[in-house]
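Trainee: Can you keep this structure in mind? I'll have questions shortly.
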Amino acid sequence: MIKIFLISVAAVAGFFLSLMNGSVEISTAQIIGQVPLDETKQQILENIRLPRTIVAMLVGVNLSLSGAILQAVMKNPLADPHIIGISSGAGLFGIFVMMIFGDAGALVTPAAFIGAMLAASLIYLLAWKDGIRPIRVILAGVAVSAFLGAGISALLIFYSDKVHGALLWMVGGLSARSWQHVEILLPYSIAGMLATFLSARHMNVLQLGDEVATGLGLRVNLVRTILTAIAALLAASAVCVVGLLGFVGLIVPHTARLILGSDYKILLPGAALLGAAVVTISDTFARTIFAPTELPVGILMAMLGAPFFLYLLRREL
C-alpha cells in the first residue's frame, strides 16, 4: 500500500505543479485559499489552468488504462493505443465527423470509438495466426497506424480550412483546453474507469493462458472483445480532446507493473494515478521550459517514449 500512496502523492504533486506554474506564478497558499487572489490570477486559475489540469489528469488516466488493458488482452508488453493504431483509427473517424458536422462535439467521441474499435479488430485479425504473438501485433499495428495516419494527413490537407489547430492535434497538446473539454471527457472517463476496474479479475485470469482461462469458465473471446471495447472507448475519448498523444499507454502501465507487480487489481489503480501524474507533470514542464513559447506535451512524450519503446522491443526480441 505504501507504493500506491507514493504514486498518489505524485499525482497530487502533479496537480498542484500544473496549477502553480506558468506565465503567472500562483502559490500553493493562494490555490488552497489561505492567501487571497487578485482578479487576474483568479481568472487564470479558474478558467485556464484548472480545466487544463483536469483534462490532463483524465487523459493520463484514460490512456494509461487503455494501454494496460491492451497489454493484457494481446499479451504484449509493447501494446499501446498510439503505437498499434487504435488512436489513429479514433482520430480518422473523429476528424471526418468534425468536417461533416462541424462543432458537433457530442458525435465526435462515438465516431472516434467506432474508428478505434475497427482499428483494434483489424489489428487483431491481421496478427492472428494459430494464436497471437507479440511481434505480429506490433507489425500489424504499425502497418495499420501508418495507413490510418496517411488518411488523417490527407483529410487535414484537403480540408485544412475546416480543421483548426491541426498541427497541435496531430502531435497531441493541451493548449486552450477549457471546461467544455472537461464536460466532454468526464462521462467517458468515469464509465471507462468503472468498467476497467470491474474487469481486473478477468485480466488476471487471461494472463494464465487461453486454455487455463477457458477451463476456469472464462469466455475468452467474449471477454477479449469487451475489454478491447473498453480500451477503445478510453483511447477515443482522450484522442477527441487532446489529439494523438502517444506513448502514455506504453510507458505508464509498464512502469506501474515494475513498481506494483502484475496483479491487475492493484496495477490498474496504480497505472491510473501514475498516468495522471505523468501527463500533468510533463505538460507543466513542456509549457514552461521554453516560456513564453509553449511546447506541445505530445512532443515531450514522444521524446521519452520512443527510446523506451526501442528498449522494450530489443528486450522482447
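Every chain in the C-alpha cells has a letter given in the order shown (A, B, ...), and although residue numbers restart at 1 in each chain, ligands are simply numbered from 1 in the order shown.
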Write out as a PyMOL selection string each polymer residue whose atoms come within 10 Å of range 255-271 of chain A, counting only C-alpha atoms; drop sequence neighbours fewer than 6 positions from it.
Mentor: chain A and resi 1+3-8+60-69+72+193+196-205+207+249+277
Trainee: Quick check for you: according to DSSP on this backbone, which residues of range 92-295 of chain A are classed as helix (DSSP H, G or I)? Reply as a ChimeraX atom specification.
Mentor: /A:92-101,105-127,134-158,160-162,166-171,179-198,200-206,210-215,220-242,248-260,264-288
Trainee: Excluding range 140-157 of chain A and its own-chain neighbours fewer than 4 positions away, which residues fall within 6 Å of it when counting only C-alpha atoms? Please give them as a PyMOL selection string.
Mentor: chain A and resi 84-85+88+92+123+127+136
Trainee: Can you measure CA of Ser282 in chain A to CA of Val297 in chain A for me? One decimal in Å is fine.
Mentor: 6.4 Å
Trainee: From the list A:Leu50, A:Ala10, A:Leu227, A:Val220, which residue is nearest Ala195 in chain A when using only C-alpha atoms?
Mentor: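 Nearest candidate to Ala195 in chain A out of A:Leu50, A:Ala10, A:Leu227, A:Val220: A:Leu227.
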Trainee: So that I can check the surroundings of Ala11 in chain A, please list as a PyMOL selection string every protein, DNA and RNA residue that reaches within 7 Å of it, counting only C-alpha atoms and ignoring chain neighbours fewer than 6 positions away.
Mentor: chain A and resi 273-274+276-277
Trainee: Produce a file of the selected residues containing N, CA, C and O atoms, as a tab-separated table (two decimals), in the first residue's frame.
Mentor:
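Contents of the output file part11.tsv:
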chain	number	residue	atom	x	y	z
A	273	LEU	N	-3.37	6.42	-11.48
A	273	LEU	CA	-2.76	7.52	-10.72
A	273	LEU	C	-1.43	7.96	-11.34
A	273	LEU	O	-1.15	9.16	-11.45
A	274	LEU	N	-0.63	6.99	-11.75
A	274	LEU	CA	0.66	7.32	-12.35
A	274	LEU	C	0.47	8.02	-13.68
A	274	LEU	O	1.23	8.95	-14.02
A	276	ALA	N	-2.04	10.00	-14.49
A	276	ALA	CA	-2.41	11.38	-14.19
A	276	ALA	C	-1.18	12.20	-13.81
A	276	ALA	O	-1.02	13.35	-14.25
A	277	ALA	N	-0.28	11.61	-13.02
A	277	ALA	CA	0.93	12.31	-12.61
A	277	ALA	C	1.85	12.59	-13.79
A	277	ALA	O	2.36	13.71	-13.96
Trainee: Select, from A:Asp38, A:Tyr311, A:Gly14, A:Ile48, the residue with the minimum atom-to-atom distance to Ser175 in chain A, counting only C-alpha atoms.
Mentor: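 Of all the options, A:Ile48 lies closest to Ser175 in chain A.
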